[in-house]
Amino acid sequence: MGYGLIAINKNNVSLVEMGVLQLAKNKNHAERLELIYKKMDSLIKLHKPASVAIEAPFFGKNVQSMLKLGRAQGVAIAAAMMGGLQAAEYAPRKIKQSITGRGSATKEQVWQMLQHILKFEDDVRFMDATDAVAAALCHHYQSRFEVLKAGNGPAKSIPKSSSGKKNSWNTFISSHPDRVKK
């Protein structure tokens with residue numbers, strides 16, 4: 001299980017910590033869930049985050065894997081709630097879309113974009129933390145969008161193409177200038 005914490009300072013986003021919780025293969029499922037809870041609890045107490053973002057379950061062919069993943073996510077959500085935090089869930093496609101601009105992006109493409117945005121070194125030991133860091137950054141982008149949508153921030157007009165239709169790519173670029181490679 002990967003985890004990642006980011007810090008927001010005005011419009012600057014930085015990586016605080018990321019890592020992978022090694023769930024011992026010799027432990028039973030209940031003991032693994034306990035390890036997840038304890039790690040989440042310790043991260044929450046240490047870093048005092050404002051919120052928690054989790055990748056929502058996706059539908060696969062292996063029902064047993066889905067059940068185990070769902071339980072693990074439930075434990076992580078429970079740990080967040082016990083820490084007084086709301087846990088937001090995002091679909092994998094939504095996270096990839098938010099980070100790379102493409103919902104079908106590969107794990108490597110997400111990793112490279114995160115490295116570009118958050119300025120951290122390449123270390124394959126943390127590749128499994130990519131999803132967690134991406135979920136955190138997606139949550140930041142979505143929360144910022146919700147503030148703008150609710151009228152609590154500066155109004156942004158949605159650019160239109162020459163045909164008069166909303167141009168989502170231009171909207172994405174104007175909403176995320178920090179993610180444009182120069």
# chains A, B, ... in the order shown; residues from 1 in each chain; ligands from 1
call {"tool": "residues_around", "arguments": {"residues": "Gly70 in chain A", "least_positions_apart": "2", "cutoff": "12 Å", "atoms": "only C-alpha atoms", "output": "mmCIF file with N, CA, C and O atoms, in the first residue's frame"}}
result
data_model
loop_
_atom_site.group_PDB
_atom_site.id
_atom_site.type_symbol
_atom_site.label_atom_id
_atom_site.label_comp_id
_atom_site.auth_asym_id
_atom_site.auth_seq_id
_atom_site.Cartn_x
_atom_site.Cartn_y
_atom_site.Cartn_z
ATOM 1 N N LEU A 33 -4.765 -5.563 7.765
ATOM 2 C CA LEU A 33 -5.668 -4.424 7.949
ATOM 3 C C LEU A 33 -5.266 -3.622 9.188
ATOM 4 O O LEU A 33 -5.313 -2.384 9.175
ATOM 5 N N ILE A 54 -8.348 9.112 -1.245
ATOM 6 C CA ILE A 54 -8.131 7.688 -1.480
ATOM 7 C C ILE A 54 -8.592 7.348 -2.888
ATOM 8 O O ILE A 54 -9.602 7.873 -3.356
ATOM 9 N N GLU A 55 -7.847 6.464 -3.524
ATOM 10 C CA GLU A 55 -8.270 5.974 -4.830
ATOM 11 C C GLU A 55 -9.466 5.050 -4.626
ATOM 12 O O GLU A 55 -9.398 4.105 -3.835
ATOM 13 N N ALA A 56 -10.561 5.335 -5.302
ATOM 14 C CA ALA A 56 -11.782 4.540 -5.169
ATOM 15 C C ALA A 56 -11.570 3.151 -5.754
ATOM 16 O O ALA A 56 -10.739 2.963 -6.649
ATOM 17 N N PRO A 57 -12.317 2.179 -5.242
ATOM 18 C CA PRO A 57 -12.192 0.822 -5.794
ATOM 19 C C PRO A 57 -12.541 0.819 -7.277
ATOM 20 O O PRO A 57 -13.401 1.581 -7.724
ATOM 21 N N PHE A 58 -11.864 -0.004 -8.024
ATOM 22 C CA PHE A 58 -12.186 -0.165 -9.436
ATOM 23 C C PHE A 58 -12.641 -1.597 -9.644
ATOM 24 O O PHE A 58 -12.331 -2.484 -8.859
ATOM 25 N N PHE A 59 -13.411 -1.789 -10.674
ATOM 26 C CA PHE A 59 -13.977 -3.114 -10.916
ATOM 27 C C PHE A 59 -13.029 -3.940 -11.750
ATOM 28 O O PHE A 59 -12.657 -3.570 -12.847
ATOM 29 N N GLY A 60 -12.605 -5.057 -11.205
ATOM 30 C CA GLY A 60 -11.712 -5.963 -11.896
ATOM 31 C C GLY A 60 -12.373 -7.317 -12.037
ATOM 32 O O GLY A 60 -13.529 -7.505 -11.676
ATOM 33 N N VAL A 63 -12.672 -11.174 -7.988
ATOM 34 C CA VAL A 63 -13.570 -10.744 -6.927
ATOM 35 C C VAL A 63 -12.869 -10.738 -5.571
ATOM 36 O O VAL A 63 -13.050 -9.812 -4.772
ATOM 37 N N GLN A 64 -12.036 -11.745 -5.290
ATOM 38 C CA GLN A 64 -11.329 -11.811 -4.011
ATOM 39 C C GLN A 64 -10.392 -10.610 -3.834
ATOM 40 O O GLN A 64 -10.327 -10.030 -2.759
ATOM 41 N N SER A 65 -9.693 -10.242 -4.898
ATOM 42 C CA SER A 65 -8.803 -9.080 -4.826
ATOM 43 C C SER A 65 -9.600 -7.808 -4.569
ATOM 44 O O SER A 65 -9.185 -6.948 -3.786
ATOM 45 N N MET A 66 -10.744 -7.687 -5.237
ATOM 46 C CA MET A 66 -11.596 -6.501 -5.040
ATOM 47 C C MET A 66 -12.083 -6.413 -3.606
ATOM 48 O O MET A 66 -12.113 -5.333 -3.015
ATOM 49 N N LEU A 67 -12.482 -7.539 -3.025
ATOM 50 C CA LEU A 67 -12.958 -7.541 -1.643
ATOM 51 C C LEU A 67 -11.848 -7.122 -0.681
ATOM 52 O O LEU A 67 -12.068 -6.315 0.223
ATOM 53 N N LYS A 68 -10.652 -7.665 -0.877
ATOM 54 C CA LYS A 68 -9.525 -7.319 -0.007
ATOM 55 C C LYS A 68 -9.154 -5.849 -0.149
ATOM 56 O O LYS A 68 -8.880 -5.165 0.842
ATOM 57 N N ALA A 72 -9.325 -2.886 2.741
ATOM 58 C CA ALA A 72 -8.168 -2.038 3.038
ATOM 59 C C ALA A 72 -8.537 -0.556 2.916
ATOM 60 O O ALA A 72 -8.172 0.264 3.767
ATOM 61 N N GLN A 73 -9.284 -0.219 1.882
ATOM 62 C CA GLN A 73 -9.708 1.166 1.709
ATOM 63 C C GLN A 73 -10.658 1.578 2.830
ATOM 64 O O GLN A 73 -10.586 2.702 3.327
ATOM 65 N N GLY A 74 -11.522 0.673 3.237
ATOM 66 C CA GLY A 74 -12.432 0.956 4.346
ATOM 67 C C GLY A 74 -11.691 1.236 5.641
ATOM 68 O O GLY A 74 -12.048 2.139 6.402
ATOM 69 N N VAL A 75 -10.641 0.476 5.900
ATOM 70 C CA VAL A 75 -9.825 0.693 7.098
ATOM 71 C C VAL A 75 -9.137 2.060 7.014
ATOM 72 O O VAL A 75 -9.079 2.796 8.008
ATOM 73 N N ALA A 76 -8.625 2.412 5.852
ATOM 74 C CA ALA A 76 -7.972 3.718 5.684
ATOM 75 C C ALA A 76 -8.975 4.852 5.897
ATOM 76 O O ALA A 76 -8.663 5.853 6.551
ATOM 77 N N ILE A 77 -10.187 4.694 5.385
ATOM 78 C CA ILE A 77 -11.234 5.704 5.576
ATOM 79 C C ILE A 77 -11.610 5.794 7.052
ATOM 80 O O ILE A 77 -11.768 6.889 7.601
#
call {"tool": "atom_distance", "arguments": {"atom1": "CA of Ile117 in chain A", "atom2": "CA of Met1 in chain A"}}
result
22.4 Å
call {"tool": "closest_residue", "arguments": {"among": "A:Ser104, A:Ser98, A:Gln109, A:Ser42", "to": "Ala80 in chain A", "atoms": "only C-alpha atoms"}}
result
A:Ser42
call {"tool": "select_by_dssp", "arguments": {"residues": "chain A", "states": "alpha helix (DSSP H)", "output": "PyMOL selection string"}}
result
chain A and resi 29-47+63-82+92-100+107-118+130-149+168-175
call {"tool": "atom_distance", "arguments": {"atom1": "CA of Asn28 in chain A", "atom2": "CA of Met82 in chain A"}}
result
23.7 Å
call {"tool": "decode", "arguments": {"residues": "range 30-114 of chain A", "atoms": "C-alpha atoms", "output": "short mmCIF file (atom, residue, chain, number, x, y, z; two decimals), in the first residue's frame"}}
result
data_model
loop_
_atom_site.label_atom_id
_atom_site.label_comp_id
_atom_site.auth_asym_id
_atom_site.auth_seq_id
_atom_site.Cartn_x
_atom_site.Cartn_y
_atom_site.Cartn_z
CA ALA A 30 -6.90 -9.09 9.52
CA GLU A 31 -3.31 -8.43 10.66
CA ARG A 32 -2.61 -6.61 7.39
CA LEU A 33 -5.67 -4.42 7.95
CA GLU A 34 -4.37 -3.63 11.44
CA LEU A 35 -1.02 -2.55 9.93
CA ILE A 36 -2.85 -0.24 7.51
CA TYR A 37 -4.86 1.31 10.33
CA LYS A 38 -1.79 1.85 12.52
CA LYS A 39 0.19 3.43 9.66
CA MET A 40 -2.68 5.77 8.74
CA ASP A 41 -3.15 6.69 12.39
CA SER A 42 0.55 7.46 12.87
CA LEU A 43 0.71 9.55 9.66
CA ILE A 44 -2.35 11.54 10.71
CA LYS A 45 -0.96 12.18 14.21
CA LEU A 46 2.49 13.13 12.89
CA HIS A 47 1.53 15.37 9.96
CA LYS A 48 -1.96 16.57 10.97
CA PRO A 49 -3.31 16.73 7.39
CA ALA A 50 -6.38 18.79 6.49
CA SER A 51 -7.96 15.95 4.53
CA VAL A 52 -7.42 12.48 3.11
CA ALA A 53 -7.81 11.32 -0.49
CA ILE A 54 -8.13 7.69 -1.48
CA GLU A 55 -8.27 5.97 -4.83
CA ALA A 56 -11.78 4.54 -5.17
CA PRO A 57 -12.19 0.82 -5.79
CA PHE A 58 -12.19 -0.17 -9.44
CA PHE A 59 -13.98 -3.11 -10.92
CA GLY A 60 -11.71 -5.96 -11.90
CA LYS A 61 -12.17 -9.58 -12.77
CA ASN A 62 -10.80 -11.03 -9.52
CA VAL A 63 -13.57 -10.74 -6.93
CA GLN A 64 -11.33 -11.81 -4.01
CA SER A 65 -8.80 -9.08 -4.83
CA MET A 66 -11.60 -6.50 -5.04
CA LEU A 67 -12.96 -7.54 -1.64
CA LYS A 68 -9.53 -7.32 -0.01
CA LEU A 69 -8.84 -3.95 -1.60
CA GLY A 70 -12.25 -2.67 -0.49
CA ARG A 71 -11.57 -3.74 3.09
CA ALA A 72 -8.17 -2.04 3.04
CA GLN A 73 -9.71 1.17 1.71
CA GLY A 74 -12.43 0.96 4.35
CA VAL A 75 -9.83 0.69 7.10
CA ALA A 76 -7.97 3.72 5.68
CA ILE A 77 -11.23 5.70 5.58
CA ALA A 78 -12.06 4.64 9.15
CA ALA A 79 -8.61 5.77 10.33
CA ALA A 80 -9.17 9.14 8.67
CA MET A 81 -12.58 9.49 10.29
CA MET A 82 -11.19 8.52 13.71
CA GLY A 83 -8.62 11.28 13.18
CA GLY A 84 -11.45 13.77 12.56
CA LEU A 85 -10.84 13.98 8.81
CA GLN A 86 -13.04 13.64 5.78
CA ALA A 87 -11.87 11.09 3.22
CA ALA A 88 -12.50 11.89 -0.43
CA GLU A 89 -12.48 9.10 -2.99
CA TYR A 90 -11.44 9.52 -6.62
CA ALA A 91 -11.74 7.06 -9.47
CA PRO A 92 -8.42 5.98 -11.02
CA ARG A 93 -9.34 7.63 -14.35
CA LYS A 94 -10.20 10.89 -12.57
CA ILE A 95 -6.82 10.88 -10.81
CA LYS A 96 -4.91 10.20 -14.04
CA GLN A 97 -6.93 12.88 -15.88
CA SER A 98 -6.23 15.39 -13.13
CA ILE A 99 -2.48 14.74 -13.11
CA THR A 100 -1.64 14.13 -16.77
CA GLY A 101 -4.63 15.41 -18.68
CA ARG A 102 -5.41 11.86 -19.89
CA GLY A 103 -7.56 9.35 -18.02
CA SER A 104 -5.83 6.49 -19.79
CA ALA A 105 -2.30 7.52 -18.80
CA THR A 106 0.12 4.81 -17.72
CA LYS A 107 1.58 4.55 -14.22
CA GLU A 108 4.93 5.70 -15.65
CA GLN A 109 3.35 8.80 -17.22
CA VAL A 110 1.69 9.71 -13.92
CA TRP A 111 5.03 9.14 -12.13
CA GLN A 112 6.88 11.42 -14.58
CA MET A 113 4.27 14.18 -14.26
CA LEU A 114 4.41 13.97 -10.47
#
